[in-house]
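*Asks:* Here's a structure for you.
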Amino acid sequence: MFLKDSWYVAAFSHEVTRSLRPFKLVGEKVVLYRREDGTPVALEDACPHRKLPLSMGRLKGDQIECGYHGLTFDCGGVCTRVPGAEKVPHVAKVRSYPVLDRYGMVWIWMGEKTQADPEKVFAVEHWDDPAWGRTTGDSMQVACDYRYVTDNLLDPSHVAWVHQSSFGSAACEDTPVETEMLPNGVLVSRWMRDVEVAPFYKPFLKFSGNCDRKQHYEVRFPSHAIIRAIFVPAGTGGDDKPLHPDVFLMDSYNFMTPVDEKTTHYFWFQMRNFAPNGEAVSAIFAKSVRAAFLEDKSVLEAVQIGMDNKLTPNLDLKIDAGPLRFRRRLAAMIAQEQRLPQAAE
Amino acid sequence: MRVTFARSGRSADWSPDAYSLLEFAEAQGLNPAFSCRAGICSTCKTKLVAGEVSYFEEPLEELQDGEALLCCSKPVTDVVLDI
């Protein structure tokens, strides 16, 4: 069950080149490459003749030549040559997908082309802000349904047990969370007052002693998350208060692209309100975040196996309100999208 | 407003400071099954024999007529619950 009408991350921009490269995205096989002018191209990765992946063929200028019988397709998926045939059949074509480069990543629109508005790409705040630094980004495959990852990113409480050496601290165990339905997603958040600073953040804070910490876990449909971490000196935090001058802000962007029903390609990068050119800081962030996300990967892959093979019922708890309400709304959006083509007939 | 627990043969006047029908039932010494206490797991779904309730938290699963989720509702009339 996937929502097609959405921009998904296909790859980091540097991974899409003048070579043909196969991907599986949102259940479909896609070949990605760049035109001579650098613009990315995405086509269905199957020649309409015998369905050989076009990624096994050759790039000829901006066109793809199939590696079986030389059928050639332009960037729009239109067949321009069928060697040995008197005329190119109208039915010889492959699907083309809207693609664009943004934030160092190639985004692909998997649904109805006319709906592919570049304005709908997830907005990254402070991207061009000279006061903010950012990590270059990283990714990994996780062997689970993408919705277990969205569950995880709507669940601030898991850090207390999954990330004890990085994002978690004792206060993360029992402070209740608030769940808010947004027009385009779900937000689960909480302020933890006068608490110890969790290990990952400690070296970067401009203040010492305890903190007020906010966890802002927001996932937008279908599977894109912004996880904001706010740390201010104890006693100065609150949604109704201006941010303390020594505030530490980290916005973690998490983009999940379903590969198939039980595989997710997980992309991320982090923005921070300090050290705009701090390569050493970026390197530490990148390393620590990857280590923490590997902890998530190991849990989520085992959850997928556990849920697939359960012999006794599983429980839903209060902390699941955000994740389950997110899933419910997403399922309704997918059902509506799948009904639309029939309604138009 | 009177809350009647039909199966256990008890009834009591609703106390407006009770958080939910589930808490109220527990305060009366009943022990209904629950899990999330937030309207999402449906574990506390109970037959509403008579009366009407209102929800302060929208149940995740749609309820049929004659059903109530105790953890996220309060009575608006006299109610009879099948617990």
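In the structure tokens, chains take the letters A, B, ... in the order shown, each chain's residues start at 1, and ligands count up from 1 in the order shown.
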Mind running chain A against chain B at 12 Å and telling me each contacting residue's nearest atom pair with the distance in Å (one decimal), counting only C-alpha atoms, chain and number ascending, as a tab-separated table?

*Replies:*
residue	atom	partner	partner_atom	distance
A:Val177	CA	B:Ala38	CA	11.9
A:Glu178	CA	B:Ala38	CA	11.4
A:Thr179	CA	B:Ala38	CA	10.6
A:Glu180	CA	B:Glu57	CA	11.6
A:Met181	CA	B:Glu58	CA	11.4
A:Pro313	CA	B:Thr43	CA	11.7
A:Asn314	CA	B:Cys41	CA	10.3
A:Leu315	CA	B:Ser35	CA	7.0
A:Asp316	CA	B:Cys41	CA	5.5
A:Leu317	CA	B:Cys36	CA	3.9
A:Lys318	CA	B:Cys36	CA	4.3
A:Ile319	CA	B:Cys36	CA	7.8
A:Asp320	CA	B:Ile40	CA	7.9
A:Ala321	CA	B:Ile40	CA	6.2
A:Gly322	CA	B:Ile40	CA	9.6
A:Pro323	CA	B:Ile40	CA	10.2
A:Leu324	CA	B:Ile40	CA	7.4
A:Arg325	CA	B:Leu60	CA	6.8
A:Phe326	CA	B:Leu60	CA	10.4
A:Arg327	CA	B:Leu60	CA	10.3
A:Arg328	CA	B:Leu60	CA	7.7
A:Arg329	CA	B:Leu60	CA	10.0

*Asks:* Could you write out the selected residues, including N, CA and C atoms, as a PDB file, in the first residue's frame?

*Replies:*
ATOM      1  N   VAL A 177       3.629  12.306  26.158  1.00  0.00           N
ATOM      2  CA  VAL A 177       3.724  13.015  24.879  1.00  0.00           C
ATOM      3  C   VAL A 177       2.347  13.564  24.500  1.00  0.00           C
ATOM      4  N   GLU A 178       2.365  14.589  23.645  1.00  0.00           N
ATOM      5  CA  GLU A 178       1.118  15.136  23.109  1.00  0.00           C
ATOM      6  C   GLU A 178       1.046  14.840  21.623  1.00  0.00           C
ATOM      7  N   THR A 179      -0.131  14.455  21.164  1.00  0.00           N
ATOM      8  CA  THR A 179      -0.322  14.108  19.761  1.00  0.00           C
ATOM      9  C   THR A 179      -1.247  15.118  19.113  1.00  0.00           C
ATOM     10  N   GLU A 180      -0.825  15.631  17.962  1.00  0.00           N
ATOM     11  CA  GLU A 180      -1.651  16.621  17.255  1.00  0.00           C
ATOM     12  C   GLU A 180      -1.782  16.213  15.794  1.00  0.00           C
ATOM     13  N   MET A 181      -3.015  16.168  15.304  1.00  0.00           N
ATOM     14  CA  MET A 181      -3.226  15.896  13.881  1.00  0.00           C
ATOM     15  C   MET A 181      -3.024  17.201  13.116  1.00  0.00           C
ATOM     16  N   PRO A 313      -1.532 -12.239  20.291  1.00  0.00           N
ATOM     17  CA  PRO A 313      -1.850 -10.875  19.837  1.00  0.00           C
ATOM     18  C   PRO A 313      -0.827  -9.853  20.338  1.00  0.00           C
ATOM     19  N   ASN A 314      -0.650  -8.754  19.584  1.00  0.00           N
ATOM     20  CA  ASN A 314       0.200  -7.660  20.062  1.00  0.00           C
ATOM     21  C   ASN A 314      -0.689  -6.571  20.659  1.00  0.00           C
ATOM     22  N   LEU A 315      -0.112  -5.757  21.494  1.00  0.00           N
ATOM     23  CA  LEU A 315      -0.831  -4.682  22.190  1.00  0.00           C
ATOM     24  C   LEU A 315      -0.645  -3.354  21.477  1.00  0.00           C
ATOM     25  N   ASP A 316      -1.637  -2.486  21.592  1.00  0.00           N
ATOM     26  CA  ASP A 316      -1.438  -1.080  21.251  1.00  0.00           C
ATOM     27  C   ASP A 316      -1.537  -0.281  22.535  1.00  0.00           C
ATOM     28  N   LEU A 317      -0.585   0.626  22.716  1.00  0.00           N
ATOM     29  CA  LEU A 317      -0.515   1.409  23.946  1.00  0.00           C
ATOM     30  C   LEU A 317      -0.787   2.882  23.668  1.00  0.00           C
ATOM     31  N   LYS A 318      -0.846   3.645  24.728  1.00  0.00           N
ATOM     32  CA  LYS A 318      -1.110   5.081  24.602  1.00  0.00           C
ATOM     33  C   LYS A 318      -0.080   5.765  23.688  1.00  0.00           C
ATOM     34  N   ILE A 319       1.193   5.335  23.775  1.00  0.00           N
ATOM     35  CA  ILE A 319       2.240   5.948  22.955  1.00  0.00           C
ATOM     36  C   ILE A 319       2.046   5.678  21.462  1.00  0.00           C
ATOM     37  N   ASP A 320       1.151   4.752  21.120  1.00  0.00           N
ATOM     38  CA  ASP A 320       0.916   4.428  19.708  1.00  0.00           C
ATOM     39  C   ASP A 320      -0.141   5.327  19.072  1.00  0.00           C
ATOM     40  N   ALA A 321      -0.706   6.245  19.848  1.00  0.00           N
ATOM     41  CA  ALA A 321      -1.793   7.077  19.312  1.00  0.00           C
ATOM     42  C   ALA A 321      -1.338   7.831  18.063  1.00  0.00           C
ATOM     43  N   GLY A 322      -0.182   8.492  18.117  1.00  0.00           N
ATOM     44  CA  GLY A 322       0.305   9.259  16.961  1.00  0.00           C
ATOM     45  C   GLY A 322       0.557   8.359  15.762  1.00  0.00           C
ATOM     46  N   PRO A 323       1.397   7.308  15.934  1.00  0.00           N
ATOM     47  CA  PRO A 323       1.662   6.403  14.821  1.00  0.00           C
ATOM     48  C   PRO A 323       0.396   5.783  14.218  1.00  0.00           C
ATOM     49  N   LEU A 324      -0.543   5.362  15.073  1.00  0.00           N
ATOM     50  CA  LEU A 324      -1.717   4.676  14.518  1.00  0.00           C
ATOM     51  C   LEU A 324      -2.681   5.644  13.862  1.00  0.00           C
ATOM     52  N   ARG A 325      -2.779   6.854  14.390  1.00  0.00           N
ATOM     53  CA  ARG A 325      -3.634   7.848  13.713  1.00  0.00           C
ATOM     54  C   ARG A 325      -3.012   8.253  12.373  1.00  0.00           C
ATOM     55  N   PHE A 326      -1.679   8.319  12.331  1.00  0.00           N
ATOM     56  CA  PHE A 326      -0.984   8.596  11.065  1.00  0.00           C
ATOM     57  C   PHE A 326      -1.302   7.501  10.044  1.00  0.00           C
ATOM     58  N   ARG A 327      -1.158   6.247  10.465  1.00  0.00           N
ATOM     59  CA  ARG A 327      -1.418   5.127   9.556  1.00  0.00           C
ATOM     60  C   ARG A 327      -2.855   5.139   9.040  1.00  0.00           C
ATOM     61  N   ARG A 328      -3.776   5.458   9.941  1.00  0.00           N
ATOM     62  CA  ARG A 328      -5.183   5.453   9.558  1.00  0.00           C
ATOM     63  C   ARG A 328      -5.457   6.487   8.461  1.00  0.00           C
ATOM     64  N   ARG A 329      -4.933   7.702   8.654  1.00  0.00           N
ATOM     65  CA  ARG A 329      -5.167   8.770   7.678  1.00  0.00           C
ATOM     66  C   ARG A 329      -4.468   8.450   6.356  1.00  0.00           C
TER      67      ARG A 329
END

*Asks:* Write out as a ChimeraX atom specification the residues lying within 8 Å of Val121 of chain A, counting only C-alpha atoms and excluding same-chain residues fewer than 3 positions away.

*Replies:* /A:7,107,117-118

*Asks:* Measuring between only C-alpha atoms, which one of B:Ala12, B:Ala27, B:Ala50, B:Leu21 shows the shortest distance to Asp82 of chain B?

*Replies:* B:Ala50

*Asks:* Expressed in Å to a single decimal, how great is the separation between atom CA of Leu30 of chain B and atom CA of Leu70 of chain B?

*Replies:* 12.3 Å

*Asks:* Please return as a PDB file with N, CA and C atoms, in the first residue's frame: the residues of segment 74-113 of chain A that backbone DSSP assigns to strand (DSSP E or B).

*Replies:*
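Output below, filename selection31.pdb:
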ATOM      1  N   VAL A  78       9.417   8.035 -25.131  1.00  0.00           N
ATOM      2  CA  VAL A  78       8.883   7.770 -26.469  1.00  0.00           C
ATOM      3  C   VAL A  78       9.913   6.984 -27.269  1.00  0.00           C
ATOM      4  N   CYS A  79       9.475   5.924 -27.935  1.00  0.00           N
ATOM      5  CA  CYS A  79      10.380   5.120 -28.752  1.00  0.00           C
ATOM      6  C   CYS A  79      10.696   5.869 -30.040  1.00  0.00           C
ATOM      7  N   THR A  80      11.983   6.010 -30.343  1.00  0.00           N
ATOM      8  CA  THR A  80      12.392   6.769 -31.528  1.00  0.00           C
ATOM      9  C   THR A  80      12.979   5.861 -32.606  1.00  0.00           C
ATOM     10  N   ARG A  81      13.224   4.602 -32.263  1.00  0.00           N
ATOM     11  CA  ARG A  81      13.867   3.713 -33.237  1.00  0.00           C
ATOM     12  C   ARG A  81      13.561   2.260 -32.887  1.00  0.00           C
ATOM     13  N   LYS A  93       6.441   2.412 -25.998  1.00  0.00           N
ATOM     14  CA  LYS A  93       6.824   3.532 -25.129  1.00  0.00           C
ATOM     15  C   LYS A  93       7.017   3.005 -23.720  1.00  0.00           C
ATOM     16  N   SER A  96       7.588   7.621 -18.242  1.00  0.00           N
ATOM     17  CA  SER A  96       8.609   8.534 -17.713  1.00  0.00           C
ATOM     18  C   SER A  96       8.068   9.166 -16.438  1.00  0.00           C
ATOM     19  N   TYR A  97       8.986   9.478 -15.532  1.00  0.00           N
ATOM     20  CA  TYR A  97       8.585  10.036 -14.226  1.00  0.00           C
ATOM     21  C   TYR A  97       9.169  11.434 -14.071  1.00  0.00           C
ATOM     22  N   VAL A  99      11.214  14.171 -12.374  1.00  0.00           N
ATOM     23  CA  VAL A  99      12.325  14.143 -11.419  1.00  0.00           C
ATOM     24  C   VAL A  99      12.956  15.521 -11.316  1.00  0.00           C
ATOM     25  N   LEU A 100      13.556  15.816 -10.184  1.00  0.00           N
ATOM     26  CA  LEU A 100      14.280  17.074 -10.026  1.00  0.00           C
ATOM     27  C   LEU A 100      15.318  16.931  -8.909  1.00  0.00           C
ATOM     28  N   ASP A 101      16.329  17.800  -8.970  1.00  0.00           N
ATOM     29  CA  ASP A 101      17.352  17.860  -7.923  1.00  0.00           C
ATOM     30  C   ASP A 101      16.957  18.912  -6.897  1.00  0.00           C
ATOM     31  N   ARG A 102      16.977  18.542  -5.624  1.00  0.00           N
ATOM     32  CA  ARG A 102      16.802  19.552  -4.569  1.00  0.00           C
ATOM     33  C   ARG A 102      17.415  19.030  -3.271  1.00  0.00           C
ATOM     34  N   MET A 105      19.555  15.966  -3.376  1.00  0.00           N
ATOM     35  CA  MET A 105      18.912  14.679  -3.620  1.00  0.00           C
ATOM     36  C   MET A 105      18.077  14.758  -4.886  1.00  0.00           C
ATOM     37  N   VAL A 106      17.891  13.605  -5.511  1.00  0.00           N
ATOM     38  CA  VAL A 106      17.006  13.529  -6.673  1.00  0.00           C
ATOM     39  C   VAL A 106      15.634  13.058  -6.180  1.00  0.00           C
ATOM     40  N   TRP A 107      14.619  13.881  -6.464  1.00  0.00           N
ATOM     41  CA  TRP A 107      13.245  13.578  -6.047  1.00  0.00           C
ATOM     42  C   TRP A 107      12.465  13.078  -7.256  1.00  0.00           C
ATOM     43  N   ILE A 108      11.627  12.094  -7.026  1.00  0.00           N
ATOM     44  CA  ILE A 108      10.837  11.512  -8.115  1.00  0.00           C
ATOM     45  C   ILE A 108       9.361  11.516  -7.740  1.00  0.00           C
ATOM     46  N   TRP A 109       8.518  11.819  -8.719  1.00  0.00           N
ATOM     47  CA  TRP A 109       7.059  11.821  -8.520  1.00  0.00           C
ATOM     48  C   TRP A 109       6.509  10.520  -9.090  1.00  0.00           C
TER      49      TRP A 109
END

*Asks:* Within 7 Å of Asp138 of chain A, counting only C-alpha atoms, which residues qualify if same-chain residues fewer than 3 places away don't, as an mmCIF file with C-alpha atoms, in the first residue's frame?

*Replies:*
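Result went into result-v8.cif, see below:
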data_model
loop_
_atom_site.group_PDB
_atom_site.id
_atom_site.type_symbol
_atom_site.label_atom_id
_atom_site.label_comp_id
_atom_site.auth_asym_id
_atom_site.auth_seq_id
_atom_site.Cartn_x
_atom_site.Cartn_y
_atom_site.Cartn_z
ATOM 1 C CA PHE A 267 17.595 8.981 3.658
ATOM 2 C CA TRP A 268 18.519 11.677 6.148
ATOM 3 C CA PHE A 269 20.539 14.800 6.905
#

*Asks:* Can you list, as a VMD selection string, every protein, DNA or RNA residue that comes within 12 Å of Phe5 of chain B when you count only C-alpha atoms, leaving out same-chain residues fewer than 6 positions away?

*Replies:* chain B and resid 11 to 14 21 to 22 24 to 26 28 to 32 46 to 50 78 to 83

*Asks:* Kindly save the residues from that selection, with C-alpha atoms included, as a PDB file, in the first residue's frame.

*Replies:*
ATOM      1  CA  SER B  11     -25.066   1.331  39.419  1.00  0.00           C
ATOM      2  CA  ALA B  12     -23.923   4.739  40.596  1.00  0.00           C
ATOM      3  CA  ASP B  13     -24.399   8.438  39.889  1.00  0.00           C
ATOM      4  CA  TRP B  14     -21.875   9.735  37.343  1.00  0.00           C
ATOM      5  CA  LEU B  21     -16.279   5.922  31.874  1.00  0.00           C
ATOM      6  CA  LEU B  22     -13.338   3.511  32.220  1.00  0.00           C
ATOM      7  CA  PHE B  24     -15.442   5.665  36.677  1.00  0.00           C
ATOM      8  CA  ALA B  25     -16.031   1.918  36.309  1.00  0.00           C
ATOM      9  CA  GLU B  26     -12.678   1.240  37.997  1.00  0.00           C
ATOM     10  CA  GLN B  28     -16.762   1.505  41.322  1.00  0.00           C
ATOM     11  CA  GLY B  29     -14.583  -1.569  41.797  1.00  0.00           C
ATOM     12  CA  LEU B  30     -14.981  -2.978  38.277  1.00  0.00           C
ATOM     13  CA  ASN B  31     -12.012  -4.194  36.291  1.00  0.00           C
ATOM     14  CA  PRO B  32     -12.768  -3.866  32.564  1.00  0.00           C
ATOM     15  CA  THR B  46     -18.289  -2.409  25.534  1.00  0.00           C
ATOM     16  CA  LYS B  47     -21.909  -2.965  24.595  1.00  0.00           C
ATOM     17  CA  LEU B  48     -23.920   0.173  25.265  1.00  0.00           C
ATOM     18  CA  VAL B  49     -27.289  -1.318  26.208  1.00  0.00           C
ATOM     19  CA  ALA B  50     -29.010   2.041  26.666  1.00  0.00           C
ATOM     20  CA  ASP B  78     -28.276   7.754  31.826  1.00  0.00           C
ATOM     21  CA  VAL B  79     -26.371   4.796  30.420  1.00  0.00           C
ATOM     22  CA  VAL B  80     -26.500   1.033  30.794  1.00  0.00           C
ATOM     23  CA  LEU B  81     -23.239  -0.778  30.022  1.00  0.00           C
ATOM     24  CA  ASP B  82     -22.853  -4.522  29.545  1.00  0.00           C
ATOM     25  CA  ILE B  83     -20.082  -5.009  32.070  1.00  0.00           C
TER      26      ILE B  83
END

*Asks:* Any chance you could list, as a PyMOL selection string, the residues in segment 150-301 of chain A that come up helix (DSSP H, G or I) when DSSP is run on the backbone?

*Replies:* chain A and resi 150-153+156-162+170-172+202-204+279-301

*Asks:* Would you work out the distance separating atom CA of Asp239 of chain A from atom CA of His126 of chain A, expressed in Å to one decimal?

*Replies:* 19.9 Å

*Asks:* I'd like the neighbourhood of Leu69 of chain B as a PyMOL selection string, where a residue qualifies if any of its atoms comes within 6 Å (using only C-alpha atoms), though same-chain residues fewer than 2 positions away should be ignored.

*Replies:* chain B and resi 44-45+71

*Asks:* To one decimal place in Å, what is the distance between atom CA of Ala160 of chain A and atom CA of Leu187 of chain A?

*Replies:*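 Those two atoms sit 19.0 Å apart.
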